[in-house]
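Below: one structure, written as structure tokens.
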Amino acid sequence: MQKVHLPRLFGAALTVLCASTLIAQTLATGDSRHVRPPHYPQICTVLRAQFSAADRATPPATDDTARLQAALDNCANSGQAVLLAPTFTSNAFYAGALTMKGEALVVGWGVTLFGNNYGSKQFISVSGANAAIMGPGTIDGRGDLLSDKPRLINAKHLENFTVFNVTLTHAAKMHLYIEDGTGVTVWRLRVKTPANTKNTDGIDLDSVTDATVFNSFIEDGDDGVAVKTNSGPASNITVRNNRFYGTHGMSIGSQTMYGVSNVLWENNQMFGTDEWGNVATDNNGIRIKSDETCGGEVKQVTYRNTRLVGIKHLLIFNTAYGTCSGHAGIPWYHDIVVNHVMATNSQSGAYSQFQGYSASYPLGLYLADVHLDVTKQTSSQYANVGLDNSNITPAGPGVTTFQFHLRHDDGHGQGH
């Protein structure tokens, strides 16, 4: 029986017994909460629409900003909702930059809230406890008509924040940016922006703990979901049962300097083309990306039951992503499990990348039931990779592989 020594993979030397003995990998469990479908809060104020969506290209000079902000202020810190409702003749609200603190905004059925004259400010800024943004209506940032590039929803310093059953479209930059929060639930969100727009991430989970993204439809011009750490660590995150179209990937990074841990990606499907036929401009599937200018430890990450269709960059683990904002640190990825992934109809020139930082900080990866229609790889280096019934074998300078068997249980505890 062969023994493979993985120096400094988990700090001290680790001995792995190959083929038939215990392999020490820890599967991600994700959000520690028991997350249930959100419910609509009590209504605090109802506002009736007075404009038409037909005015999108030339919004009214006098819009709804003042009355919308007054209603939000009146309901602040209550957890109750401002409801935007249609009338028989009107179905739209137009507003400049809005601020929420501890209240909900419900965009009613058939209603669109349009961003108007908010310039370089974020359209909707959210903070506080028990805030929420809900549909079933639409929030349209009109980013395709703006010269500035503000975020559509910028949510910071949050506790128990919910986004439910709402459509976000035409952000000028990120659609839903969530930073420094605990208890985040994104449920049945629809992001509908073409793949050929720039830096329009669907959802950014930045420095958050206990977060779930569930049953959402995401198409945009950058990352579908990105986990990052600009102001603190990110941990206990579940991204489950989502569909991505034309995005830049199910991503971690590029900022990882405060550490990312316990992230579960499960039952997700990714397509390289959006509904308008645009191919993703950086067509990634599973991706962890960082650089020594903003790097840090990424551990206990599991991608389980993933379907990739029409993707070019299939499995990407990149420790030399390029200069990024943050502070210097070593991008060290370990305890990464990729379990049951199938890639079909991959784009011409498709490939994967398994790139650790150095011999002292290698990529620690397990591939179980991974079946790719293209097994080409590029720039793989410094990686210790366990293989279980997978048709791609990483190879390159400093790359070692070994056989293991992943226990198919409920995803908790150790594999063997």
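Identifiers in this document derive from the order of the structure tokens: chains are assigned A, B, ..., residues are numbered from 1 separately in each chain, and ligands are numbered from 1 in order of occurrence.
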Shell of 7 Å around Thr344 (chain A), only C-alpha atoms, local chain residues under 3 positions omitted, as number ranges by chain: A: 308-310, 372-373
With only C-alpha atoms counted and 8 Å as the cut-off, give the residues of region 303-386 of chain A in contact with region 391-399 of chain A, each with its shortest interatomic distance in Å and the pair that gives it, as CSV.
```
residue,atom,partner,partner_atom,distance
A:Phe354,CA,A:Pro394,CA,6.7
A:Ala359,CA,A:Gly398,CA,6.6
A:Val370,CA,A:Asn391,CA,6.4
A:His371,CA,A:Asn391,CA,5.5
A:Leu372,CA,A:Asn391,CA,6.9
A:Thr375,CA,A:Ile392,CA,5.5
A:Gln377,CA,A:Pro394,CA,7.5
A:Ser379,CA,A:Gly396,CA,7.4
A:Ser380,CA,A:Gly396,CA,5.3
A:Gln381,CA,A:Pro397,CA,4.9
A:Tyr382,CA,A:Gly398,CA,4.3
A:Ala383,CA,A:Val399,CA,4.6
A:Asn384,CA,A:Val399,CA,5.9
A:Val385,CA,A:Pro394,CA,7.4
```
As a VMD selection string, please: every residue in region 83-117 of chain A that a backbone DSSP assignment puts in strand (DSSP E). chain A and resid 83 to 85 92 to 95 98 to 101 104 to 107 112 to 115
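Nearest residue to Val107 (chain A) among A:Thr185, A:Asn165, A:Ser78, A:Ser325 is A:Asn165, counting only C-alpha atoms.
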CA of Asn262 (chain A) to CA of Asn283 (chain A), distance in Å rounded to a single decimal: 25.0 Å
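The space separating CA of Thr200 (chain A) from CA of Gln50 (chain A) comes to 29.4 Å.
Nearest residue to His34 (chain A), choosing from A:Thr400, A:Asn91, A:Asn236, A:Ser261 and counting only C-alpha atoms: A:Asn236.
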What's the 7 Å shell around region 28-32 of chain A, counting only C-alpha atoms, without same-chain residues fewer than 5 positions away, as a list in words? Asp210, Ala211, Thr212, Asn236, Ile237, Thr238, Asn262, Val263, Leu264, Gln300, Val301, Thr302, Gly411 and His412 of chain A
Write to file, as a PDB file, in the first residue's frame, the residues of the selection just made, with N, CA and C atoms.
```pdb
ATOM      1  N   ASP A 210     -23.353  32.840   7.548  1.00  0.00           N
ATOM      2  CA  ASP A 210     -24.689  32.251   7.517  1.00  0.00           C
ATOM      3  C   ASP A 210     -25.543  32.903   6.435  1.00  0.00           C
ATOM      4  N   ALA A 211     -25.299  32.467   5.207  1.00  0.00           N
ATOM      5  CA  ALA A 211     -26.010  33.006   4.051  1.00  0.00           C
ATOM      6  C   ALA A 211     -26.451  31.873   3.148  1.00  0.00           C
ATOM      7  N   THR A 212     -27.619  32.036   2.534  1.00  0.00           N
ATOM      8  CA  THR A 212     -28.151  31.056   1.583  1.00  0.00           C
ATOM      9  C   THR A 212     -28.654  31.773   0.340  1.00  0.00           C
ATOM     10  N   ASN A 236     -19.833  29.770   6.259  1.00  0.00           N
ATOM     11  CA  ASN A 236     -21.155  29.158   6.415  1.00  0.00           C
ATOM     12  C   ASN A 236     -22.127  29.674   5.350  1.00  0.00           C
ATOM     13  N   ILE A 237     -21.812  29.352   4.102  1.00  0.00           N
ATOM     14  CA  ILE A 237     -22.579  29.861   2.959  1.00  0.00           C
ATOM     15  C   ILE A 237     -23.063  28.681   2.127  1.00  0.00           C
ATOM     16  N   THR A 238     -24.346  28.709   1.751  1.00  0.00           N
ATOM     17  CA  THR A 238     -24.939  27.698   0.882  1.00  0.00           C
ATOM     18  C   THR A 238     -25.464  28.366  -0.388  1.00  0.00           C
ATOM     19  N   ASN A 262     -16.122  26.942   4.708  1.00  0.00           N
ATOM     20  CA  ASN A 262     -17.416  26.261   4.789  1.00  0.00           C
ATOM     21  C   ASN A 262     -18.433  26.848   3.803  1.00  0.00           C
ATOM     22  N   VAL A 263     -18.145  26.654   2.531  1.00  0.00           N
ATOM     23  CA  VAL A 263     -19.028  27.123   1.457  1.00  0.00           C
ATOM     24  C   VAL A 263     -19.504  25.902   0.670  1.00  0.00           C
ATOM     25  N   LEU A 264     -20.807  25.717   0.619  1.00  0.00           N
ATOM     26  CA  LEU A 264     -21.422  24.586  -0.075  1.00  0.00           C
ATOM     27  C   LEU A 264     -22.167  25.075  -1.306  1.00  0.00           C
ATOM     28  N   GLN A 300     -12.457  24.186   3.105  1.00  0.00           N
ATOM     29  CA  GLN A 300     -13.737  23.515   3.323  1.00  0.00           C
ATOM     30  C   GLN A 300     -14.797  24.069   2.365  1.00  0.00           C
ATOM     31  N   VAL A 301     -14.534  23.875   1.084  1.00  0.00           N
ATOM     32  CA  VAL A 301     -15.449  24.291   0.023  1.00  0.00           C
ATOM     33  C   VAL A 301     -15.859  23.044  -0.750  1.00  0.00           C
ATOM     34  N   THR A 302     -17.159  22.851  -0.924  1.00  0.00           N
ATOM     35  CA  THR A 302     -17.669  21.690  -1.652  1.00  0.00           C
ATOM     36  C   THR A 302     -18.579  22.149  -2.785  1.00  0.00           C
ATOM     37  N   GLY A 411     -23.368  14.669   3.586  1.00  0.00           N
ATOM     38  CA  GLY A 411     -22.480  15.810   3.389  1.00  0.00           C
ATOM     39  C   GLY A 411     -21.871  16.324   4.661  1.00  0.00           C
ATOM     40  N   HIS A 412     -22.131  15.690   5.802  1.00  0.00           N
ATOM     41  CA  HIS A 412     -21.583  16.149   7.057  1.00  0.00           C
ATOM     42  C   HIS A 412     -20.443  15.218   7.480  1.00  0.00           C
TER      43      HIS A 412
END
```
Compare A:Arg142, A:Arg67, A:His340, A:Lys156 by their minimum atom-to-atom distance to Leu98 (chain A), counting only C-alpha atoms, and give me the closest one. A:Arg67
Which residues are near Val279 (chain A)? Cut-off 7 Å, only C-alpha atoms, ignore same chain within fewer than 4 positions. Put them as a ChimeraX atom specification. /A:195,246,272-274
Restrict the selected residues to N, CA and C atoms and save them as a PDB file, in the first residue's frame.
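Just written: out-v9.pdb:
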```pdb
ATOM      1  N   ALA A 195     -25.338  39.083 -20.993  1.00  0.00           N
ATOM      2  CA  ALA A 195     -23.986  38.639 -20.670  1.00  0.00           C
ATOM      3  C   ALA A 195     -22.911  39.587 -21.180  1.00  0.00           C
ATOM      4  N   GLY A 246     -24.746  32.650 -18.965  1.00  0.00           N
ATOM      5  CA  GLY A 246     -23.864  33.676 -19.529  1.00  0.00           C
ATOM      6  C   GLY A 246     -23.027  34.421 -18.507  1.00  0.00           C
ATOM      7  N   GLY A 272     -23.430  28.543 -20.674  1.00  0.00           N
ATOM      8  CA  GLY A 272     -22.506  29.570 -21.135  1.00  0.00           C
ATOM      9  C   GLY A 272     -23.138  30.701 -21.905  1.00  0.00           C
ATOM     10  N   THR A 273     -24.428  30.601 -22.208  1.00  0.00           N
ATOM     11  CA  THR A 273     -25.108  31.585 -23.053  1.00  0.00           C
ATOM     12  C   THR A 273     -26.348  32.101 -22.340  1.00  0.00           C
ATOM     13  N   ASP A 274     -26.629  33.399 -22.501  1.00  0.00           N
ATOM     14  CA  ASP A 274     -27.823  33.959 -21.879  1.00  0.00           C
ATOM     15  C   ASP A 274     -29.040  33.770 -22.783  1.00  0.00           C
TER      16      ASP A 274
END
```
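The two atoms in question, CA of Gly349 (chain A) and CA of Glu275 (chain A), are spaced 22.6 Å apart.
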Can you tell me, as a PDB file with C-alpha atoms, in the first residue's frame, what residues are no more than 10 Å from Gly224 (chain A) when counting only C-alpha atoms, ignoring any on the same chain fewer than 2 positions away?
```pdb
ATOM      1  CA  VAL A 191     -31.327  38.595 -12.317  1.00  0.00           C
ATOM      2  CA  THR A 200     -22.587  43.354 -13.434  1.00  0.00           C
ATOM      3  CA  ASP A 201     -22.222  40.540 -10.892  1.00  0.00           C
ATOM      4  CA  GLY A 202     -25.456  38.834  -9.959  1.00  0.00           C
ATOM      5  CA  ILE A 203     -24.835  38.411  -6.218  1.00  0.00           C
ATOM      6  CA  ASP A 204     -21.743  39.332  -4.195  1.00  0.00           C
ATOM      7  CA  PHE A 217     -32.216  32.475 -11.942  1.00  0.00           C
ATOM      8  CA  ILE A 218     -29.119  34.539 -12.666  1.00  0.00           C
ATOM      9  CA  GLU A 219     -27.853  35.943 -15.959  1.00  0.00           C
ATOM     10  CA  ASP A 220     -25.464  38.886 -16.027  1.00  0.00           C
ATOM     11  CA  GLY A 221     -22.150  40.136 -17.412  1.00  0.00           C
ATOM     12  CA  ASP A 222     -19.820  39.007 -14.623  1.00  0.00           C
ATOM     13  CA  ALA A 226     -19.076  35.633  -5.922  1.00  0.00           C
ATOM     14  CA  ASN A 242     -29.738  27.816  -8.931  1.00  0.00           C
ATOM     15  CA  ARG A 243     -29.428  28.304 -12.688  1.00  0.00           C
ATOM     16  CA  PHE A 244     -26.786  30.574 -14.232  1.00  0.00           C
ATOM     17  CA  TYR A 245     -26.740  31.853 -17.820  1.00  0.00           C
ATOM     18  CA  GLY A 246     -23.864  33.676 -19.529  1.00  0.00           C
ATOM     19  CA  THR A 247     -22.077  34.573 -16.291  1.00  0.00           C
ATOM     20  CA  HIS A 248     -18.410  34.458 -15.265  1.00  0.00           C
ATOM     21  CA  GLY A 249     -18.883  31.566 -12.893  1.00  0.00           C
ATOM     22  CA  MET A 250     -19.761  30.236  -9.480  1.00  0.00           C
ATOM     23  CA  SER A 251     -16.863  32.058  -7.913  1.00  0.00           C
ATOM     24  CA  MET A 270     -24.544  26.692 -15.439  1.00  0.00           C
ATOM     25  CA  ASN A 284     -16.248  30.010 -16.339  1.00  0.00           C
ATOM     26  CA  GLY A 285     -17.952  27.202 -14.475  1.00  0.00           C
TER      27      GLY A 285
END
```
Among region 22-229 of chain A, which ones does DSSP place in alpha helix (DSSP H), written as an mmCIF file with C-alpha atoms, in the first residue's frame?
```
data_model
loop_
_atom_site.group_PDB
_atom_site.id
_atom_site.type_symbol
_atom_site.label_atom_id
_atom_site.label_comp_id
_atom_site.auth_asym_id
_atom_site.auth_seq_id
_atom_site.Cartn_x
_atom_site.Cartn_y
_atom_site.Cartn_z
ATOM 1 C CA THR A 65 -37.906 59.984 -4.917
ATOM 2 C CA ALA A 66 -39.244 62.222 -2.160
ATOM 3 C CA ARG A 67 -42.395 60.256 -1.403
ATOM 4 C CA LEU A 68 -40.621 56.925 -1.594
ATOM 5 C CA GLN A 69 -37.871 58.031 0.789
ATOM 6 C CA ALA A 70 -40.405 59.523 3.186
ATOM 7 C CA ALA A 71 -42.327 56.252 3.279
ATOM 8 C CA LEU A 72 -39.148 54.245 3.867
ATOM 9 C CA ASP A 73 -38.071 56.594 6.659
ATOM 10 C CA ASN A 74 -41.489 56.305 8.280
#
```
A:Gly110, A:Gly135, A:Gly356, A:Gly296 ranked by distance to Pro331 (chain A), top pick (using only C-alpha atoms): A:Gly296
